[in-house]
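Undergrad: File follows, protein_10.txt with compact mmCIF, C-alpha atoms:
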```txt
# COMPACT_ATOMS: atom_id res chain seq x y z
CA ALA S 128 12.89 -34.56 7.79
CA GLN S 129 11.29 -31.22 8.39
CA SER S 130 8.12 -29.96 6.74
CA VAL S 131 6.08 -26.76 6.67
CA THR S 132 2.36 -26.32 6.18
CA GLN S 133 0.71 -23.08 5.21
CA PRO S 134 -2.96 -23.96 5.27
CA ASP S 135 -4.20 -20.84 3.48
CA ILE S 136 -3.42 -20.64 -0.24
CA HIS S 137 -5.11 -17.26 -0.64
CA ILE S 138 -6.11 -14.62 1.89
CA THR S 139 -7.98 -11.41 1.13
CA VAL S 140 -7.79 -8.55 3.62
CA SER S 141 -9.09 -5.01 3.46
CA GLU S 142 -6.52 -2.26 3.58
CA GLY S 143 -6.05 -1.13 7.16
CA ALA S 144 -7.30 -4.39 8.61
CA SER S 145 -5.19 -6.77 10.66
CA LEU S 146 -3.52 -9.82 9.18
CA GLU S 147 -2.53 -13.24 10.39
CA LEU S 148 -0.91 -15.84 8.17
CA ARG S 149 -0.65 -19.34 9.54
CA CYS S 150 2.35 -21.61 9.50
CA ASN S 151 2.80 -25.03 11.09
CA TYR S 152 6.05 -26.91 11.03
CA SER S 153 7.27 -30.39 11.73
CA TYR S 154 10.79 -30.82 13.05
CA GLY S 155 12.24 -33.02 15.76
CA ALA S 156 14.54 -30.50 17.40
CA THR S 157 14.42 -26.77 18.00
CA PRO S 158 13.60 -25.29 14.63
CA TYR S 159 14.98 -22.25 12.94
CA LEU S 160 11.94 -20.48 11.50
CA PHE S 161 11.65 -17.77 8.89
CA TRP S 162 9.11 -15.74 6.99
CA TYR S 163 9.92 -14.48 3.52
CA VAL S 164 7.95 -12.24 1.18
CA GLN S 165 8.03 -12.38 -2.60
CA SER S 166 6.47 -9.48 -4.46
CA PRO S 167 5.57 -9.90 -8.14
CA GLY S 168 8.71 -10.10 -10.21
CA GLN S 169 10.91 -9.73 -7.14
CA GLY S 170 13.22 -12.02 -5.27
CA LEU S 171 12.65 -13.29 -1.77
CA GLN S 172 13.05 -10.86 1.09
CA LEU S 173 13.52 -12.00 4.66
CA LEU S 174 10.84 -10.55 6.93
CA LEU S 175 11.88 -12.08 10.23
CA LYS S 176 13.45 -15.08 11.88
CA TYR S 177 13.31 -17.09 15.07
CA PHE S 178 15.97 -19.36 16.44
CA SER S 179 15.91 -18.88 20.21
CA GLY S 180 14.89 -16.53 22.99
CA ASP S 181 11.80 -14.38 22.99
CA THR S 182 9.02 -16.20 21.18
CA LEU S 183 7.57 -12.98 19.78
CA VAL S 184 9.87 -11.67 17.09
CA GLN S 185 9.70 -8.38 15.28
CA GLY S 186 10.57 -8.01 11.65
CA ILE S 187 10.70 -5.46 8.92
CA LYS S 188 7.73 -3.59 7.45
CA GLY S 189 5.77 -3.79 10.71
CA PHE S 190 5.46 -7.58 10.73
CA GLU S 191 5.80 -9.80 13.78
CA ALA S 192 5.55 -13.53 14.37
CA GLU S 193 5.01 -15.69 17.43
CA PHE S 194 6.64 -19.07 17.95
CA LYS S 195 4.43 -21.53 19.82
CA ARG S 196 6.21 -24.78 20.47
CA SER S 197 3.12 -26.50 21.88
CA GLN S 198 1.25 -25.84 18.65
CA SER S 199 4.23 -26.20 16.31
CA SER S 200 3.24 -22.87 14.85
CA PHE S 201 4.93 -19.68 13.72
CA ASN S 202 2.16 -17.35 12.61
CA LEU S 203 2.86 -14.03 10.96
CA ARG S 204 0.90 -10.94 11.97
CA LYS S 205 0.54 -7.32 11.06
CA PRO S 206 -1.85 -4.93 12.83
CA SER S 207 -2.74 -2.86 9.76
CA VAL S 208 -1.98 -3.89 6.19
CA HIS S 209 -1.13 -1.56 3.34
CA TRP S 210 -1.82 -2.10 -0.35
CA SER S 211 1.92 -2.62 -0.85
CA ASP S 212 1.78 -5.74 1.35
CA ALA S 213 0.08 -7.66 -1.47
CA ALA S 214 2.53 -10.45 -2.24
CA GLU S 215 3.32 -14.11 -1.73
CA TYR S 216 4.41 -15.06 1.77
CA PHE S 217 6.50 -18.11 2.51
CA CYS S 218 7.20 -19.74 5.83
CA ALA S 219 10.40 -21.77 6.02
CA VAL S 220 12.18 -24.01 8.50
CA GLY S 221 15.87 -24.79 8.72
CA ALA S 222 17.83 -27.40 10.57
CA GLY S 223 20.53 -26.34 12.93
CA GLY S 224 24.03 -25.56 11.82
CA GLY S 225 23.31 -23.51 8.74
CA ALA S 226 24.77 -26.14 6.46
CA ASP S 227 21.40 -27.31 5.26
CA GLY S 228 18.96 -25.64 2.96
CA LEU S 229 15.58 -24.37 4.01
CA THR S 230 12.30 -26.20 3.64
CA PHE S 231 9.54 -23.92 2.44
CA GLY S 232 5.79 -24.03 2.76
CA LYS S 233 3.68 -23.72 -0.36
CA GLY S 234 3.06 -20.05 0.30
CA THR S 235 0.07 -17.81 0.99
CA HIS S 236 -1.02 -15.31 -1.61
CA LEU S 237 -2.15 -12.10 0.08
CA ILE S 238 -4.66 -9.90 -1.69
CA ILE S 239 -5.42 -6.42 -0.36
CA GLN S 240 -8.86 -4.98 -1.00
CA PRO S 241 -9.15 -1.18 -1.16
CA SER O 297 23.23 -9.01 4.56
CA ALA O 298 25.11 -10.07 1.45
CA VAL O 299 24.34 -8.60 -1.95
CA ILE O 300 23.74 -11.36 -4.48
CA SER O 301 23.51 -11.05 -8.22
CA GLN O 302 22.53 -13.62 -10.82
CA LYS O 303 23.08 -13.81 -14.53
CA PRO O 304 21.13 -14.05 -16.72
CA SER O 305 18.00 -12.58 -15.19
CA ARG O 306 15.89 -14.46 -17.70
CA ASP O 307 16.32 -16.59 -20.78
CA ILE O 308 14.31 -18.51 -23.32
CA CYS O 309 15.98 -21.71 -24.44
CA GLN O 310 15.20 -24.55 -26.79
CA ARG O 311 14.71 -28.04 -25.50
CA GLY O 312 17.80 -30.20 -25.55
CA THR O 313 20.16 -27.31 -24.89
CA SER O 314 21.90 -26.29 -21.66
CA LEU O 315 22.03 -23.04 -19.72
CA THR O 316 24.56 -21.99 -17.10
CA ILE O 317 23.37 -19.61 -14.40
CA GLN O 318 25.90 -17.54 -12.50
CA CYS O 319 25.62 -16.41 -8.90
CA GLN O 320 27.97 -13.74 -7.52
CA VAL O 321 28.15 -12.61 -3.88
CA ASP O 322 29.77 -9.42 -2.65
CA SER O 323 31.42 -11.15 0.31
CA GLN O 324 33.02 -14.49 1.03
CA VAL O 325 30.56 -17.15 2.14
CA THR O 326 31.01 -20.78 3.03
CA MET O 327 27.67 -22.19 1.98
CA MET O 328 25.73 -21.42 -1.15
CA PHE O 329 22.45 -23.01 -2.09
CA TRP O 330 20.49 -23.44 -5.31
CA TYR O 331 16.69 -23.59 -5.39
CA ARG O 332 14.05 -24.09 -8.05
CA GLN O 333 10.66 -22.40 -8.04
CA GLN O 334 8.35 -23.91 -10.60
CA PRO O 335 5.48 -21.73 -11.89
CA GLY O 336 3.06 -20.93 -9.10
CA GLN O 337 4.92 -23.19 -6.69
CA SER O 338 7.12 -22.90 -3.66
CA LEU O 339 10.88 -23.19 -3.53
CA THR O 340 12.60 -26.56 -3.62
CA LEU O 341 16.23 -27.02 -2.70
CA ILE O 342 18.30 -28.45 -5.54
CA ALA O 343 21.72 -28.66 -3.94
CA THR O 344 24.15 -27.20 -1.44
CA ALA O 345 27.49 -25.96 -2.74
CA ASN O 346 30.41 -25.76 -0.34
CA GLN O 347 33.63 -24.34 -1.69
CA GLY O 348 36.27 -26.99 -2.16
CA SER O 349 33.97 -29.97 -2.15
CA GLU O 350 31.40 -31.62 -4.37
CA ALA O 351 27.89 -30.25 -4.24
CA THR O 352 25.33 -32.17 -2.22
CA TYR O 353 22.12 -32.86 -4.13
CA GLU O 354 18.63 -33.31 -2.74
CA SER O 355 16.48 -36.27 -3.58
CA GLY O 356 15.17 -35.98 -7.10
CA PHE O 357 18.05 -33.88 -8.39
CA VAL O 358 21.17 -35.37 -9.99
CA ILE O 359 24.54 -33.99 -10.91
CA ASP O 360 24.25 -34.99 -14.57
CA LYS O 361 21.16 -32.81 -14.93
CA PHE O 362 22.21 -29.93 -12.63
CA PRO O 363 26.00 -29.74 -12.45
CA ILE O 364 27.24 -27.12 -10.02
CA SER O 365 30.59 -25.43 -9.72
CA ARG O 366 31.93 -23.52 -6.74
CA PRO O 367 35.40 -22.29 -7.70
CA ASN O 368 35.77 -19.74 -4.87
CA LEU O 369 34.00 -18.24 -1.87
CA THR O 370 32.08 -15.60 -3.84
CA PHE O 371 30.88 -17.43 -6.95
CA SER O 372 28.91 -20.44 -8.07
CA THR O 373 27.26 -21.70 -11.24
CA LEU O 374 24.33 -24.00 -11.85
CA THR O 375 23.89 -25.62 -15.24
CA VAL O 376 20.53 -26.92 -16.38
CA SER O 377 21.39 -29.62 -18.90
CA ASN O 378 19.44 -31.17 -21.75
CA MET O 379 16.49 -28.96 -20.98
CA SER O 380 12.85 -29.86 -21.41
CA PRO O 381 9.76 -27.67 -20.92
CA GLU O 382 9.43 -29.12 -17.41
CA ASP O 383 12.62 -27.27 -16.48
CA SER O 384 10.88 -23.93 -16.99
CA SER O 385 11.24 -22.34 -13.56
CA ILE O 386 12.85 -19.59 -11.59
CA TYR O 387 16.26 -20.67 -10.32
CA LEU O 388 17.54 -18.89 -7.22
CA CYS O 389 20.81 -18.99 -5.40
CA SER O 390 21.14 -18.12 -1.75
CA VAL O 391 23.80 -17.71 0.89
CA GLY O 392 23.73 -18.35 4.59
CA GLY O 393 23.55 -15.51 7.10
CA GLN O 394 24.91 -15.13 10.62
CA THR O 395 22.02 -16.94 12.30
CA TYR O 396 21.11 -19.57 9.73
CA GLU O 397 18.82 -17.38 7.69
CA GLN O 398 19.42 -17.28 3.98
CA TYR O 399 19.57 -14.38 1.60
CA PHE O 400 18.44 -14.88 -1.95
CA GLY O 401 19.49 -13.58 -5.29
CA PRO O 402 16.93 -12.05 -7.64
CA GLY O 403 16.51 -15.32 -9.54
CA THR O 404 16.85 -16.45 -13.13
CA ARG O 405 13.59 -16.98 -14.98
CA LEU O 406 14.04 -19.81 -17.46
CA THR O 407 11.55 -20.70 -20.17
CA VAL O 408 12.16 -23.80 -22.25
CA THR O 409 10.36 -24.07 -25.57
```
Please express the file's structure as structure tokens.
TA:
Amino acid sequence: AQSVTQPDIHITVSEGASLELRCNYSYGATPYLFWYVQSPGQGLQLLLKYFSGDTLVQGIKGFEAEFKRSQSSFNLRKPSVHWSDAAEYFCAVGAGGGADGLTFGKGTHLIIQP
Amino acid sequence: SAVISQKPSRDICQRGTSLTIQCQVDSQVTMMFWYRQQPGQSLTLIATANQGSEATYESGFVIDKFPISRPNLTFSTLTVSNMSPEDSSIYLCSVGGQTYEQYFGPGTRLTVT
């Protein structure tokens, strides 16, 4: 069975600073990896996804993530954060085929300091 | 991506009662999923609903407690039965995308008193 670890429960970043959120996964085959964002009172929005090809993937809102098979990681990055990026970020892994649900990490709460 | 709506958006229910949550999609989809997000927690998959077959439940979730219907390719319901305060959660439905991502509805916030 797959699993996802997000080691950081909370991260505080100053506005304009760079951001990296960590995600490690456990899955026997090639994983399908996703980052979602959940703003207060909002549903989950897909930021980006990886399932094959280029290991550096670009997403919406200026986010990118890099898949590193050797480290079983899929870290999310943004070069300069905005106050509106304050939210909960979830990393998720899916098995192949699309018939299975996603397994989510516990989430990282991002706080933006002015 | 599909547009997904859920009804109700929130509800407050008394223990021992049941609530049925509706999930409507604006396009036909094969797979629909139901998740639970307990307060301050991550999402946990409850079950997978494939049109024309019985829902498949994850470990720890049973059909008697969370019956699911999937009458057509654009609609599904999840019922939370015989509710207790521990069922207070956000319940989300999702649908599969072209490359195995999932798109989520806005969620139903349930409080059981």
Undergrad: Around the point (-3.5, -21.8, 4.8) in the file's coordinates, collect all residues with an atom within 7 Å, using only C-alpha atoms, and return them as a PyMOL selection string.
TA: chain S and resi 133-136+149+235
Undergrad: Env of region 373-376 of chain O: 9 Å cut, atoms = all atoms listed in the file, seq-sep filter 3 positions within chain, self excluded. Answer as a PyMOL selection string.
TA: chain O and resi 313-320+330+361-367+379+383+387+389
Undergrad: How would the residues just chosen look if you wrote them out with C-alpha atoms as a PDB file, in the frame of the given file?
TA:
```pdb
ATOM      1  CA  THR O 313      20.160 -27.310 -24.890  1.00  0.00           C
ATOM      2  CA  SER O 314      21.900 -26.290 -21.660  1.00  0.00           C
ATOM      3  CA  LEU O 315      22.030 -23.040 -19.720  1.00  0.00           C
ATOM      4  CA  THR O 316      24.560 -21.990 -17.100  1.00  0.00           C
ATOM      5  CA  ILE O 317      23.370 -19.610 -14.400  1.00  0.00           C
ATOM      6  CA  GLN O 318      25.900 -17.540 -12.500  1.00  0.00           C
ATOM      7  CA  CYS O 319      25.620 -16.410  -8.900  1.00  0.00           C
ATOM      8  CA  GLN O 320      27.970 -13.740  -7.520  1.00  0.00           C
ATOM      9  CA  TRP O 330      20.490 -23.440  -5.310  1.00  0.00           C
ATOM     10  CA  LYS O 361      21.160 -32.810 -14.930  1.00  0.00           C
ATOM     11  CA  PHE O 362      22.210 -29.930 -12.630  1.00  0.00           C
ATOM     12  CA  PRO O 363      26.000 -29.740 -12.450  1.00  0.00           C
ATOM     13  CA  ILE O 364      27.240 -27.120 -10.020  1.00  0.00           C
ATOM     14  CA  SER O 365      30.590 -25.430  -9.720  1.00  0.00           C
ATOM     15  CA  ARG O 366      31.930 -23.520  -6.740  1.00  0.00           C
ATOM     16  CA  PRO O 367      35.400 -22.290  -7.700  1.00  0.00           C
ATOM     17  CA  MET O 379      16.490 -28.960 -20.980  1.00  0.00           C
ATOM     18  CA  ASP O 383      12.620 -27.270 -16.480  1.00  0.00           C
ATOM     19  CA  TYR O 387      16.260 -20.670 -10.320  1.00  0.00           C
ATOM     20  CA  CYS O 389      20.810 -18.990  -5.400  1.00  0.00           C
TER      21      CYS O 389
END
```
Undergrad: I'd like a table as JSON lines: residues in chain O with an atom no more than 10 Å from chain S, each row giving the shortest atom pair and its distance in Å to one decimal, all atoms listed in the file counted, sorted by chain and rising residue number.
TA:
```
{"residue": "O:Thr326", "atom": "CA", "partner": "S:Ala226", "partner_atom": "CA", "distance": 8.9}
{"residue": "O:Met327", "atom": "CA", "partner": "S:Ala226", "partner_atom": "CA", "distance": 6.6}
{"residue": "O:Met328", "atom": "CA", "partner": "S:Gly228", "partner_atom": "CA", "distance": 9.0}
{"residue": "O:Phe329", "atom": "CA", "partner": "S:Gly228", "partner_atom": "CA", "distance": 6.7}
{"residue": "O:Trp330", "atom": "CA", "partner": "S:Gly228", "partner_atom": "CA", "distance": 8.7}
{"residue": "O:Tyr331", "atom": "CA", "partner": "S:Gly228", "partner_atom": "CA", "distance": 8.9}
{"residue": "O:Gly336", "atom": "CA", "partner": "S:Lys233", "partner_atom": "CA", "distance": 9.2}
{"residue": "O:Gln337", "atom": "CA", "partner": "S:Lys233", "partner_atom": "CA", "distance": 6.5}
{"residue": "O:Ser338", "atom": "CA", "partner": "S:Lys233", "partner_atom": "CA", "distance": 4.8}
{"residue": "O:Leu339", "atom": "CA", "partner": "S:Phe231", "partner_atom": "CA", "distance": 6.2}
{"residue": "O:Thr340", "atom": "CA", "partner": "S:Thr230", "partner_atom": "CA", "distance": 7.3}
{"residue": "O:Leu341", "atom": "CA", "partner": "S:Gly228", "partner_atom": "CA", "distance": 6.4}
{"residue": "O:Ile342", "atom": "CA", "partner": "S:Gly228", "partner_atom": "CA", "distance": 9.0}
{"residue": "O:Ala343", "atom": "CA", "partner": "S:Gly228", "partner_atom": "CA", "distance": 8.0}
{"residue": "O:Thr344", "atom": "CA", "partner": "S:Gly228", "partner_atom": "CA", "distance": 7.0}
{"residue": "O:Ala345", "atom": "CA", "partner": "S:Ala226", "partner_atom": "CA", "distance": 9.6}
{"residue": "O:Asn346", "atom": "CA", "partner": "S:Ala226", "partner_atom": "CA", "distance": 8.8}
{"residue": "O:Thr352", "atom": "CA", "partner": "S:Asp227", "partner_atom": "CA", "distance": 9.7}
{"residue": "O:Glu354", "atom": "CA", "partner": "S:Gly228", "partner_atom": "CA", "distance": 9.6}
{"residue": "O:Ile386", "atom": "CA", "partner": "S:Gly170", "partner_atom": "CA", "distance": 9.9}
{"residue": "O:Leu388", "atom": "CA", "partner": "S:Gly170", "partner_atom": "CA", "distance": 8.3}
{"residue": "O:Ser390", "atom": "CA", "partner": "S:Gly228", "partner_atom": "CA", "distance": 9.1}
{"residue": "O:Val391", "atom": "CA", "partner": "S:Gly228", "partner_atom": "CA", "distance": 9.5}
{"residue": "O:Gly392", "atom": "CA", "partner": "S:Gly225", "partner_atom": "CA", "distance": 6.6}
{"residue": "O:Gly393", "atom": "CA", "partner": "S:Gly225", "partner_atom": "CA", "distance": 8.2}
{"residue": "O:Gln394", "atom": "CA", "partner": "S:Gly225", "partner_atom": "CA", "distance": 8.7}
{"residue": "O:Thr395", "atom": "CA", "partner": "S:Gly225", "partner_atom": "CA", "distance": 7.6}
{"residue": "O:Tyr396", "atom": "CA", "partner": "S:Gly225", "partner_atom": "CA", "distance": 4.6}
{"residue": "O:Glu397", "atom": "CA", "partner": "S:Lys176", "partner_atom": "CA", "distance": 7.2}
{"residue": "O:Gln398", "atom": "CA", "partner": "S:Leu173", "partner_atom": "CA", "distance": 7.9}
{"residue": "O:Tyr399", "atom": "CA", "partner": "S:Leu173", "partner_atom": "CA", "distance": 7.2}
{"residue": "O:Phe400", "atom": "CA", "partner": "S:Leu171", "partner_atom": "CA", "distance": 6.0}
{"residue": "O:Gly401", "atom": "CA", "partner": "S:Gly170", "partner_atom": "CA", "distance": 6.5}
{"residue": "O:Pro402", "atom": "CA", "partner": "S:Gly170", "partner_atom": "CA", "distance": 4.4}
{"residue": "O:Gly403", "atom": "CA", "partner": "S:Gly170", "partner_atom": "CA", "distance": 6.3}
{"residue": "O:Thr404", "atom": "CA", "partner": "S:Gly170", "partner_atom": "CA", "distance": 9.7}
{"residue": "O:Arg405", "atom": "CA", "partner": "S:Gly168", "partner_atom": "CA", "distance": 9.7}
```
Undergrad: Measure the distance from CA of Arg332 (chain O) to CA of Ser130 (chain S) in Å and round it to one decimal.
TA: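 Computing it gives 17.0 Å between the two atoms.
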Undergrad: For CA of Val140 (chain S) and CA of Gln165 (chain S), quote the distance in Å rounded to one decimal.
TA: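 Straight-line distance from CA of Val140 (chain S) to CA of Gln165 (chain S) works out to 17.4 Å.
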Undergrad: Taking 6 positions as the minimum chain separation for residues in the same chain, which residues sit within 8 Å of Ala144 (chain S) when counting all atoms listed in the file? Answer as a PyMOL selection string.
TA: chain S and resi 206-208
Undergrad: Can you measure CA of Asp212 (chain S) to CA of Ser301 (chain O) for me? One decimal in Å is fine.
TA: 24.3 Å
Undergrad: Which polymer residues have any atom within 10 Å of an atom of Ala192 (chain S), counting all atoms listed in the file, with same-chain residues fewer than 2 positions away left out, as a PyMOL selection string?
TA: chain S and resi 147-150+160-162+174-177+182-186+190+194-195+200-205
Undergrad: Please dump the current selection as a compact mmCIF listing (two decimals), keeping the file's coordinate frame; keep C-alpha atoms.
TA:
```txt
# COMPACT_ATOMS: atom_id res chain seq x y z
CA GLU S 147 -2.53 -13.24 10.39
CA LEU S 148 -0.91 -15.84 8.17
CA ARG S 149 -0.65 -19.34 9.54
CA CYS S 150 2.35 -21.61 9.50
CA LEU S 160 11.94 -20.48 11.50
CA PHE S 161 11.65 -17.77 8.89
CA TRP S 162 9.11 -15.74 6.99
CA LEU S 174 10.84 -10.55 6.93
CA LEU S 175 11.88 -12.08 10.23
CA LYS S 176 13.45 -15.08 11.88
CA TYR S 177 13.31 -17.09 15.07
CA THR S 182 9.02 -16.20 21.18
CA LEU S 183 7.57 -12.98 19.78
CA VAL S 184 9.87 -11.67 17.09
CA GLN S 185 9.70 -8.38 15.28
CA GLY S 186 10.57 -8.01 11.65
CA PHE S 190 5.46 -7.58 10.73
CA PHE S 194 6.64 -19.07 17.95
CA LYS S 195 4.43 -21.53 19.82
CA SER S 200 3.24 -22.87 14.85
CA PHE S 201 4.93 -19.68 13.72
CA ASN S 202 2.16 -17.35 12.61
CA LEU S 203 2.86 -14.03 10.96
CA ARG S 204 0.90 -10.94 11.97
CA LYS S 205 0.54 -7.32 11.06
```
Undergrad: Which residue gives the smallest distance to Ser323 (chain O) among O:Arg306, O:Ala298, O:Tyr353, O:Ser372, with only C-alpha atoms counted?
TA: O:Ala298
Undergrad: Can you put N, CA and C atoms back into region 173-202 of chain S and show it as a PDB file, in the frame of the given file?
TA:
```
ATOM      1  N   LEU S 173      13.715 -11.490   3.316  1.00  0.00           N
ATOM      2  CA  LEU S 173      13.520 -12.000   4.660  1.00  0.00           C
ATOM      3  C   LEU S 173      12.766 -10.987   5.505  1.00  0.00           C
ATOM      4  N   LEU S 174      11.629 -11.420   6.066  1.00  0.00           N
ATOM      5  CA  LEU S 174      10.840 -10.550   6.930  1.00  0.00           C
ATOM      6  C   LEU S 174      11.297 -10.650   8.377  1.00  0.00           C
ATOM      7  N   LEU S 175      11.452 -11.866   8.853  1.00  0.00           N
ATOM      8  CA  LEU S 175      11.880 -12.080  10.230  1.00  0.00           C
ATOM      9  C   LEU S 175      12.313 -13.515  10.419  1.00  0.00           C
ATOM     10  N   LYS S 176      12.910 -13.757  11.584  1.00  0.00           N
ATOM     11  CA  LYS S 176      13.450 -15.080  11.880  1.00  0.00           C
ATOM     12  C   LYS S 176      13.333 -15.362  13.362  1.00  0.00           C
ATOM     13  N   TYR S 177      13.276 -16.651  13.679  1.00  0.00           N
ATOM     14  CA  TYR S 177      13.310 -17.090  15.070  1.00  0.00           C
ATOM     15  C   TYR S 177      14.263 -18.262  15.173  1.00  0.00           C
ATOM     16  N   PHE S 178      15.152 -18.187  16.175  1.00  0.00           N
ATOM     17  CA  PHE S 178      15.970 -19.360  16.440  1.00  0.00           C
ATOM     18  C   PHE S 178      16.145 -19.631  17.923  1.00  0.00           C
ATOM     19  N   SER S 179      15.866 -18.657  18.773  1.00  0.00           N
ATOM     20  CA  SER S 179      15.910 -18.880  20.210  1.00  0.00           C
ATOM     21  C   SER S 179      15.406 -17.625  20.897  1.00  0.00           C
ATOM     22  N   GLY S 180      15.226 -17.719  22.228  1.00  0.00           N
ATOM     23  CA  GLY S 180      14.890 -16.530  22.990  1.00  0.00           C
ATOM     24  C   GLY S 180      13.424 -16.172  22.956  1.00  0.00           C
ATOM     25  N   ASP S 181      13.158 -14.897  22.976  1.00  0.00           N
ATOM     26  CA  ASP S 181      11.800 -14.380  22.990  1.00  0.00           C
ATOM     27  C   ASP S 181      10.980 -14.978  21.854  1.00  0.00           C
ATOM     28  N   THR S 182       9.821 -15.509  22.200  1.00  0.00           N
ATOM     29  CA  THR S 182       9.020 -16.200  21.180  1.00  0.00           C
ATOM     30  C   THR S 182       8.257 -15.253  20.279  1.00  0.00           C
ATOM     31  N   LEU S 183       8.195 -13.989  20.628  1.00  0.00           N
ATOM     32  CA  LEU S 183       7.570 -12.980  19.780  1.00  0.00           C
ATOM     33  C   LEU S 183       8.701 -12.200  19.106  1.00  0.00           C
ATOM     34  N   VAL S 184       8.779 -12.308  17.808  1.00  0.00           N
ATOM     35  CA  VAL S 184       9.870 -11.670  17.090  1.00  0.00           C
ATOM     36  C   VAL S 184       9.327 -10.573  16.186  1.00  0.00           C
ATOM     37  N   GLN S 185      10.075  -9.511  16.126  1.00  0.00           N
ATOM     38  CA  GLN S 185       9.700  -8.380  15.280  1.00  0.00           C
ATOM     39  C   GLN S 185      10.518  -8.425  13.997  1.00  0.00           C
ATOM     40  N   GLY S 186       9.883  -8.013  12.919  1.00  0.00           N
ATOM     41  CA  GLY S 186      10.570  -8.010  11.650  1.00  0.00           C
ATOM     42  C   GLY S 186      10.479  -6.665  10.971  1.00  0.00           C
ATOM     43  N   ILE S 187      10.762  -6.683   9.698  1.00  0.00           N
ATOM     44  CA  ILE S 187      10.700  -5.460   8.920  1.00  0.00           C
ATOM     45  C   ILE S 187       9.272  -5.196   8.464  1.00  0.00           C
ATOM     46  N   LYS S 188       9.017  -3.986   8.029  1.00  0.00           N
ATOM     47  CA  LYS S 188       7.730  -3.590   7.450  1.00  0.00           C
ATOM     48  C   LYS S 188       6.576  -3.743   8.422  1.00  0.00           C
ATOM     49  N   GLY S 189       6.839  -3.733   9.718  1.00  0.00           N
ATOM     50  CA  GLY S 189       5.770  -3.790  10.710  1.00  0.00           C
ATOM     51  C   GLY S 189       5.230  -5.174  11.004  1.00  0.00           C
ATOM     52  N   PHE S 190       5.899  -6.202  10.497  1.00  0.00           N
ATOM     53  CA  PHE S 190       5.460  -7.580  10.730  1.00  0.00           C
ATOM     54  C   PHE S 190       6.048  -8.128  12.043  1.00  0.00           C
ATOM     55  N   GLU S 191       5.314  -9.045  12.641  1.00  0.00           N
ATOM     56  CA  GLU S 191       5.800  -9.800  13.780  1.00  0.00           C
ATOM     57  C   GLU S 191       5.318 -11.242  13.656  1.00  0.00           C
ATOM     58  N   ALA S 192       5.958 -12.128  14.374  1.00  0.00           N
ATOM     59  CA  ALA S 192       5.550 -13.530  14.370  1.00  0.00           C
ATOM     60  C   ALA S 192       5.756 -14.100  15.766  1.00  0.00           C
ATOM     61  N   GLU S 193       4.923 -15.067  16.112  1.00  0.00           N
ATOM     62  CA  GLU S 193       5.010 -15.690  17.430  1.00  0.00           C
ATOM     63  C   GLU S 193       5.264 -17.175  17.280  1.00  0.00           C
ATOM     64  N   PHE S 194       6.293 -17.650  17.932  1.00  0.00           N
ATOM     65  CA  PHE S 194       6.640 -19.070  17.950  1.00  0.00           C
ATOM     66  C   PHE S 194       5.908 -19.735  19.110  1.00  0.00           C
ATOM     67  N   LYS S 195       5.135 -20.766  18.790  1.00  0.00           N
ATOM     68  CA  LYS S 195       4.430 -21.530  19.820  1.00  0.00           C
ATOM     69  C   LYS S 195       4.829 -22.995  19.675  1.00  0.00           C
ATOM     70  N   ARG S 196       5.708 -23.421  20.561  1.00  0.00           N
ATOM     71  CA  ARG S 196       6.210 -24.780  20.470  1.00  0.00           C
ATOM     72  C   ARG S 196       5.107 -25.807  20.654  1.00  0.00           C
ATOM     73  N   SER S 197       4.187 -25.531  21.586  1.00  0.00           N
ATOM     74  CA  SER S 197       3.120 -26.500  21.880  1.00  0.00           C
ATOM     75  C   SER S 197       2.209 -26.730  20.689  1.00  0.00           C
ATOM     76  N   GLN S 198       2.116 -25.735  19.832  1.00  0.00           N
ATOM     77  CA  GLN S 198       1.250 -25.840  18.650  1.00  0.00           C
ATOM     78  C   GLN S 198       2.053 -26.033  17.373  1.00  0.00           C
ATOM     79  N   SER S 199       3.361 -26.088  17.486  1.00  0.00           N
ATOM     80  CA  SER S 199       4.230 -26.200  16.310  1.00  0.00           C
ATOM     81  C   SER S 199       3.857 -25.145  15.269  1.00  0.00           C
ATOM     82  N   SER S 200       3.688 -23.919  15.755  1.00  0.00           N
ATOM     83  CA  SER S 200       3.240 -22.870  14.850  1.00  0.00           C
ATOM     84  C   SER S 200       4.173 -21.663  14.907  1.00  0.00           C
ATOM     85  N   PHE S 201       4.130 -20.908  13.845  1.00  0.00           N
ATOM     86  CA  PHE S 201       4.930 -19.680  13.720  1.00  0.00           C
ATOM     87  C   PHE S 201       4.129 -18.741  12.835  1.00  0.00           C
ATOM     88  N   ASN S 202       3.081 -18.173  13.387  1.00  0.00           N
ATOM     89  CA  ASN S 202       2.160 -17.350  12.610  1.00  0.00           C
ATOM     90  C   ASN S 202       2.663 -15.924  12.463  1.00  0.00           C
TER      91      ASN S 202
END
```
